[in-house]
Amino acid sequence: MTSTVPAPVARTADGHALQAVLLDMDGTLVDTEGFWWEIEAEVFAELGHRLEDSWRDIVVGGPMSRSAAFLIASTGADIGLAELSVLLNERFEARIADQVPLMPGAERLLAELARHNVPTALVSASHRRVIDRVLLALGRDRFTMTVAGDEVPRTKPHPDPYLLAARTLGAHPARCAVIEDTATGVAAAEAAGCRVVAIPSVGLIPPAPGRTIVRSLEEVDLPFLRSLIASMN
């Protein structure tokens with residue numbers, strides 16, 4: 001986990017304001033969910049196995065330990081989990097070495113949050129080495145702190161990463177807006193008690209009480225996020 005000194009928490013007079021914004025990385029801020037699946041398919045093809053398209057919805061958004069273990073078990077590939085994890089991370093880093101494509105609206109939203117001094121965390125199931133590479137494109141200074149999947153005992157879909165981020169920022173989970181693109185990430189954020197904005201990238205995310213679903217980050221700005229927290233009162 002990396003962090004800086006938490007920014008002041010903005011509150012209204014009754015103390016019910018938005019306190020922090022917590023954002024997923026792959027598929028939410030950067031257009032990389034497809035990269036992971038392409039790399040997984042490529043590696044398993046080299047091992048003599050073809051991945052089923054239906055498996056993509058199962059592995060998306062989860063930690064490397066879960067997705068890689070599922071693919072090994074499903075294909076019967078002759079490779080260990082540790083070896084496969086290293087290989088996938090190395091291939092991913094090579095894929096994004098030249099350019100990390102940002103999702104539409106990502107740059108604008110991050111700039112707006114920074115301009116208004118909103119405490120902001122990047123919360124990802126990806127490993128620290130991958131996050132640090134992506135942060136070169138996103139801008140490390142845009143985030144008050146970051147949480148990687150290999151820095152918590154239990155990552156998504158467990159609530160631990162989001163609870164850690166909220167606690168580090170000095171925010172109450174119910175006053176945090178989370179932006180996620182997968183059912184796994186949404187489950188983690190809602191289990192932590194956060195208010196979730198879902199922007200589905202791979203697979204469907206069904207409507208649910210307290211869950212807001214939009215088509216793109218271009219529909220999300222600071223007044224919109226503040227209104228979601230205010231509507232809880």
# chains A, B, ... in the order shown; residues from 1 in each chain; ligands from 1
>>> residues_around(residues="Pro153 (chain A)", least_positions_apart="4", cutoff="12 Å", atoms="only C-alpha atoms", output="PyMOL selection string")
chain A and resi 63+65+125+147-149+158-161+164
>>> write_last_selection(atoms="C-alpha atoms", output="short mmCIF file (atom, residue, chain, number, x, y, z; two decimals), in the first residue's frame")
data_model
loop_
_atom_site.label_atom_id
_atom_site.label_comp_id
_atom_site.auth_asym_id
_atom_site.auth_seq_id
_atom_site.Cartn_x
_atom_site.Cartn_y
_atom_site.Cartn_z
CA PRO A 63 -7.22 -11.32 -8.02
CA SER A 65 -4.52 -15.96 -7.52
CA ALA A 125 -6.82 -6.38 -7.42
CA VAL A 147 -4.07 -0.34 -2.56
CA ALA A 148 -2.80 -3.35 -4.54
CA GLY A 149 -4.25 -6.84 -4.54
CA HIS A 158 -13.88 -9.33 -0.11
CA PRO A 159 -14.40 -5.84 1.36
CA ASP A 160 -10.91 -5.60 2.86
CA PRO A 161 -9.28 -3.36 0.18
CA LEU A 164 -8.45 -0.29 4.23
#
>>> select_by_dssp(residues="region 131-184 of chain A", states="strand (DSSP E or B)", output="count of residues only")
8
>>> residues_around(residues="Glu38 (chain A)", least_positions_apart="3", cutoff="12 Å", atoms="only C-alpha atoms", output="PyMOL selection string")
chain A and resi 32-35+41-45+50-51+53+56+60+88+91-92+95
>>> write_last_selection(atoms="N, CA and C atoms", output="PDB file, in the first residue's frame")
ATOM      1  N   THR A  32      -7.900  -1.710 -20.016  1.00  0.00           N
ATOM      2  CA  THR A  32      -6.947  -2.822 -20.032  1.00  0.00           C
ATOM      3  C   THR A  32      -7.569  -4.180 -19.731  1.00  0.00           C
ATOM      4  N   GLU A  33      -8.877  -4.250 -19.450  1.00  0.00           N
ATOM      5  CA  GLU A  33      -9.472  -5.547 -19.164  1.00  0.00           C
ATOM      6  C   GLU A  33      -9.259  -6.509 -20.334  1.00  0.00           C
ATOM      7  N   GLY A  34      -9.379  -5.986 -21.556  1.00  0.00           N
ATOM      8  CA  GLY A  34      -9.166  -6.823 -22.729  1.00  0.00           C
ATOM      9  C   GLY A  34      -7.740  -7.318 -22.839  1.00  0.00           C
ATOM     10  N   PHE A  35      -6.778  -6.500 -22.388  1.00  0.00           N
ATOM     11  CA  PHE A  35      -5.379  -6.908 -22.425  1.00  0.00           C
ATOM     12  C   PHE A  35      -5.170  -8.182 -21.608  1.00  0.00           C
ATOM     13  N   ALA A  41      -5.174 -15.814 -22.873  1.00  0.00           N
ATOM     14  CA  ALA A  41      -5.422 -16.701 -24.009  1.00  0.00           C
ATOM     15  C   ALA A  41      -4.124 -17.038 -24.736  1.00  0.00           C
ATOM     16  N   GLU A  42      -3.264 -16.053 -24.868  1.00  0.00           N
ATOM     17  CA  GLU A  42      -1.974 -16.231 -25.540  1.00  0.00           C
ATOM     18  C   GLU A  42      -1.091 -17.214 -24.788  1.00  0.00           C
ATOM     19  N   VAL A  43      -0.998 -17.038 -23.483  1.00  0.00           N
ATOM     20  CA  VAL A  43      -0.140 -17.906 -22.668  1.00  0.00           C
ATOM     21  C   VAL A  43      -0.661 -19.345 -22.679  1.00  0.00           C
ATOM     22  N   PHE A  44      -1.952 -19.519 -22.527  1.00  0.00           N
ATOM     23  CA  PHE A  44      -2.497 -20.876 -22.493  1.00  0.00           C
ATOM     24  C   PHE A  44      -2.435 -21.536 -23.864  1.00  0.00           C
ATOM     25  N   ALA A  45      -2.491 -20.746 -24.935  1.00  0.00           N
ATOM     26  CA  ALA A  45      -2.309 -21.310 -26.274  1.00  0.00           C
ATOM     27  C   ALA A  45      -0.902 -21.873 -26.417  1.00  0.00           C
ATOM     28  N   ARG A  50      -6.900 -24.031 -25.190  1.00  0.00           N
ATOM     29  CA  ARG A  50      -7.743 -22.939 -25.672  1.00  0.00           C
ATOM     30  C   ARG A  50      -8.716 -22.549 -24.572  1.00  0.00           C
ATOM     31  N   LEU A  51      -8.786 -21.246 -24.295  1.00  0.00           N
ATOM     32  CA  LEU A  51      -9.694 -20.765 -23.264  1.00  0.00           C
ATOM     33  C   LEU A  51     -11.091 -20.591 -23.830  1.00  0.00           C
ATOM     34  N   ASP A  53     -14.610 -18.762 -24.175  1.00  0.00           N
ATOM     35  CA  ASP A  53     -15.040 -17.372 -24.048  1.00  0.00           C
ATOM     36  C   ASP A  53     -15.881 -17.141 -22.793  1.00  0.00           C
ATOM     37  N   ARG A  56     -14.327 -15.818 -19.471  1.00  0.00           N
ATOM     38  CA  ARG A  56     -13.880 -14.434 -19.300  1.00  0.00           C
ATOM     39  C   ARG A  56     -14.648 -13.724 -18.199  1.00  0.00           C
ATOM     40  N   VAL A  60     -12.684 -12.081 -14.815  1.00  0.00           N
ATOM     41  CA  VAL A  60     -12.527 -10.631 -14.859  1.00  0.00           C
ATOM     42  C   VAL A  60     -12.738 -10.012 -13.481  1.00  0.00           C
ATOM     43  N   LEU A  88       2.109 -13.921 -16.434  1.00  0.00           N
ATOM     44  CA  LEU A  88       1.025 -13.022 -16.840  1.00  0.00           C
ATOM     45  C   LEU A  88       1.342 -11.569 -16.519  1.00  0.00           C
ATOM     46  N   ARG A  91       3.951 -10.288 -19.000  1.00  0.00           N
ATOM     47  CA  ARG A  91       3.370 -10.038 -20.320  1.00  0.00           C
ATOM     48  C   ARG A  91       2.532  -8.759 -20.303  1.00  0.00           C
ATOM     49  N   PHE A  92       1.805  -8.554 -19.215  1.00  0.00           N
ATOM     50  CA  PHE A  92       0.970  -7.356 -19.114  1.00  0.00           C
ATOM     51  C   PHE A  92       1.833  -6.097 -19.078  1.00  0.00           C
ATOM     52  N   ARG A  95       2.974  -5.306 -22.413  1.00  0.00           N
ATOM     53  CA  ARG A  95       1.902  -4.827 -23.271  1.00  0.00           C
ATOM     54  C   ARG A  95       1.644  -3.329 -23.059  1.00  0.00           C
TER      55      ARG A  95
END
>>> closest_residue(among="A:Leu225, A:Gly203, A:Leu163, A:Met232", to="Ala191 (chain A)", atoms="only C-alpha atoms")
A:Leu163
>>> closest_residue(among="A:Ala20, A:Ala208, A:Ala73, A:Val202", to="Glu190 (chain A)", atoms="only C-alpha atoms")
A:Ala208
>>> select_by_dssp(residues="region 4-233 of chain A", states="alpha helix (DSSP H)", output="JSON, numbers by chain")
{"A": [33, 34, 35, 36, 37, 38, 39, 40, 41, 42, 43, 44, 45, 46, 56, 57, 58, 59, 64, 65, 66, 67, 68, 69, 70, 71, 72, 73, 74, 75, 81, 82, 83, 84, 85, 86, 87, 88, 89, 90, 91, 92, 93, 94, 95, 106, 107, 108, 109, 110, 111, 112, 113, 114, 115, 128, 129, 130, 131, 132, 133, 134, 135, 136, 137, 138, 160, 161, 162, 163, 164, 165, 166, 167, 168, 169, 183, 184, 185, 186, 187, 188, 189, 190, 191, 222, 223, 224, 225, 226, 227, 228, 229, 230]}
>>> residues_around(residues="Val130 (chain A)", least_positions_apart="2", cutoff="10 Å", atoms="only C-alpha atoms", output="VMD selection string")
chain A and resid 89 to 90 92 to 93 96 124 126 to 128 132 to 135 148
>>> atom_distance(atom1="CA of Val197 (chain A)", atom2="CA of Thr212 (chain A)")
4.8 Å
>>> decode(residues="region 161-179 of chain A", atoms="N, CA, C and O atoms", output="PDB file, in the first residue's frame")
ATOM      1  N   PRO A 161      -9.994  -4.476   0.820  1.00  0.00           N
ATOM      2  CA  PRO A 161      -9.276  -3.356   0.183  1.00  0.00           C
ATOM      3  C   PRO A 161      -9.995  -2.025   0.337  1.00  0.00           C
ATOM      4  O   PRO A 161      -9.352  -0.991   0.571  1.00  0.00           O
ATOM      5  N   TYR A 162     -11.310  -2.041   0.230  1.00  0.00           N
ATOM      6  CA  TYR A 162     -12.058  -0.793   0.354  1.00  0.00           C
ATOM      7  C   TYR A 162     -12.145  -0.317   1.797  1.00  0.00           C
ATOM      8  O   TYR A 162     -12.113   0.892   2.069  1.00  0.00           O
ATOM      9  N   LEU A 163     -12.235  -1.236   2.729  1.00  0.00           N
ATOM     10  CA  LEU A 163     -12.212  -0.852   4.140  1.00  0.00           C
ATOM     11  C   LEU A 163     -10.864  -0.242   4.504  1.00  0.00           C
ATOM     12  O   LEU A 163     -10.796   0.743   5.248  1.00  0.00           O
ATOM     13  N   LEU A 164      -9.782  -0.821   3.973  1.00  0.00           N
ATOM     14  CA  LEU A 164      -8.451  -0.285   4.225  1.00  0.00           C
ATOM     15  C   LEU A 164      -8.312   1.119   3.653  1.00  0.00           C
ATOM     16  O   LEU A 164      -7.783   2.028   4.313  1.00  0.00           O
ATOM     17  N   ALA A 165      -8.786   1.313   2.437  1.00  0.00           N
ATOM     18  CA  ALA A 165      -8.682   2.633   1.808  1.00  0.00           C
ATOM     19  C   ALA A 165      -9.463   3.678   2.599  1.00  0.00           C
ATOM     20  O   ALA A 165      -8.952   4.774   2.869  1.00  0.00           O
ATOM     21  N   ALA A 166     -10.695   3.347   2.976  1.00  0.00           N
ATOM     22  CA  ALA A 166     -11.506   4.297   3.736  1.00  0.00           C
ATOM     23  C   ALA A 166     -10.849   4.629   5.070  1.00  0.00           C
ATOM     24  O   ALA A 166     -10.771   5.802   5.469  1.00  0.00           O
ATOM     25  N   ARG A 167     -10.368   3.593   5.747  1.00  0.00           N
ATOM     26  CA  ARG A 167      -9.740   3.810   7.053  1.00  0.00           C
ATOM     27  C   ARG A 167      -8.494   4.688   6.929  1.00  0.00           C
ATOM     28  O   ARG A 167      -8.262   5.599   7.739  1.00  0.00           O
ATOM     29  N   THR A 168      -7.677   4.437   5.923  1.00  0.00           N
ATOM     30  CA  THR A 168      -6.456   5.219   5.727  1.00  0.00           C
ATOM     31  C   THR A 168      -6.766   6.679   5.413  1.00  0.00           C
ATOM     32  O   THR A 168      -6.053   7.585   5.840  1.00  0.00           O
ATOM     33  N   LEU A 169      -7.855   6.910   4.699  1.00  0.00           N
ATOM     34  CA  LEU A 169      -8.240   8.278   4.348  1.00  0.00           C
ATOM     35  C   LEU A 169      -9.023   8.970   5.459  1.00  0.00           C
ATOM     36  O   LEU A 169      -9.363  10.146   5.339  1.00  0.00           O
ATOM     37  N   GLY A 170      -9.330   8.241   6.520  1.00  0.00           N
ATOM     38  CA  GLY A 170     -10.100   8.825   7.612  1.00  0.00           C
ATOM     39  C   GLY A 170     -11.544   9.043   7.251  1.00  0.00           C
ATOM     40  O   GLY A 170     -12.197   9.952   7.780  1.00  0.00           O
ATOM     41  N   ALA A 171     -12.077   8.215   6.352  1.00  0.00           N
ATOM     42  CA  ALA A 171     -13.449   8.373   5.875  1.00  0.00           C
ATOM     43  C   ALA A 171     -14.313   7.207   6.336  1.00  0.00           C
ATOM     44  O   ALA A 171     -13.832   6.098   6.541  1.00  0.00           O
ATOM     45  N   HIS A 172     -15.598   7.475   6.496  1.00  0.00           N
ATOM     46  CA  HIS A 172     -16.543   6.406   6.810  1.00  0.00           C
ATOM     47  C   HIS A 172     -16.924   5.727   5.495  1.00  0.00           C
ATOM     48  O   HIS A 172     -17.218   6.414   4.509  1.00  0.00           O
ATOM     49  N   PRO A 173     -16.927   4.392   5.436  1.00  0.00           N
ATOM     50  CA  PRO A 173     -17.252   3.713   4.177  1.00  0.00           C
ATOM     51  C   PRO A 173     -18.559   4.181   3.547  1.00  0.00           C
ATOM     52  O   PRO A 173     -18.649   4.317   2.316  1.00  0.00           O
ATOM     53  N   ALA A 174     -19.570   4.465   4.364  1.00  0.00           N
ATOM     54  CA  ALA A 174     -20.862   4.895   3.823  1.00  0.00           C
ATOM     55  C   ALA A 174     -20.789   6.278   3.178  1.00  0.00           C
ATOM     56  O   ALA A 174     -21.692   6.659   2.429  1.00  0.00           O
ATOM     57  N   ARG A 175     -19.723   7.033   3.460  1.00  0.00           N
ATOM     58  CA  ARG A 175     -19.533   8.350   2.872  1.00  0.00           C
ATOM     59  C   ARG A 175     -18.505   8.308   1.752  1.00  0.00           C
ATOM     60  O   ARG A 175     -18.014   9.344   1.305  1.00  0.00           O
ATOM     61  N   CYS A 176     -18.186   7.097   1.284  1.00  0.00           N
ATOM     62  CA  CYS A 176     -17.252   6.929   0.176  1.00  0.00           C
ATOM     63  C   CYS A 176     -18.012   6.504  -1.075  1.00  0.00           C
ATOM     64  O   CYS A 176     -18.859   5.609  -1.017  1.00  0.00           O
ATOM     65  N   ALA A 177     -17.714   7.139  -2.199  1.00  0.00           N
ATOM     66  CA  ALA A 177     -18.252   6.717  -3.490  1.00  0.00           C
ATOM     67  C   ALA A 177     -17.204   5.856  -4.173  1.00  0.00           C
ATOM     68  O   ALA A 177     -16.038   6.252  -4.281  1.00  0.00           O
ATOM     69  N   VAL A 178     -17.608   4.668  -4.588  1.00  0.00           N
ATOM     70  CA  VAL A 178     -16.708   3.734  -5.266  1.00  0.00           C
ATOM     71  C   VAL A 178     -17.128   3.625  -6.724  1.00  0.00           C
ATOM     72  O   VAL A 178     -18.314   3.529  -7.040  1.00  0.00           O
ATOM     73  N   ILE A 179     -16.151   3.628  -7.618  1.00  0.00           N
ATOM     74  CA  ILE A 179     -16.422   3.453  -9.042  1.00  0.00           C
ATOM     75  C   ILE A 179     -15.778   2.148  -9.487  1.00  0.00           C
ATOM     76  O   ILE A 179     -14.551   1.980  -9.352  1.00  0.00           O
TER      77      ILE A 179
END
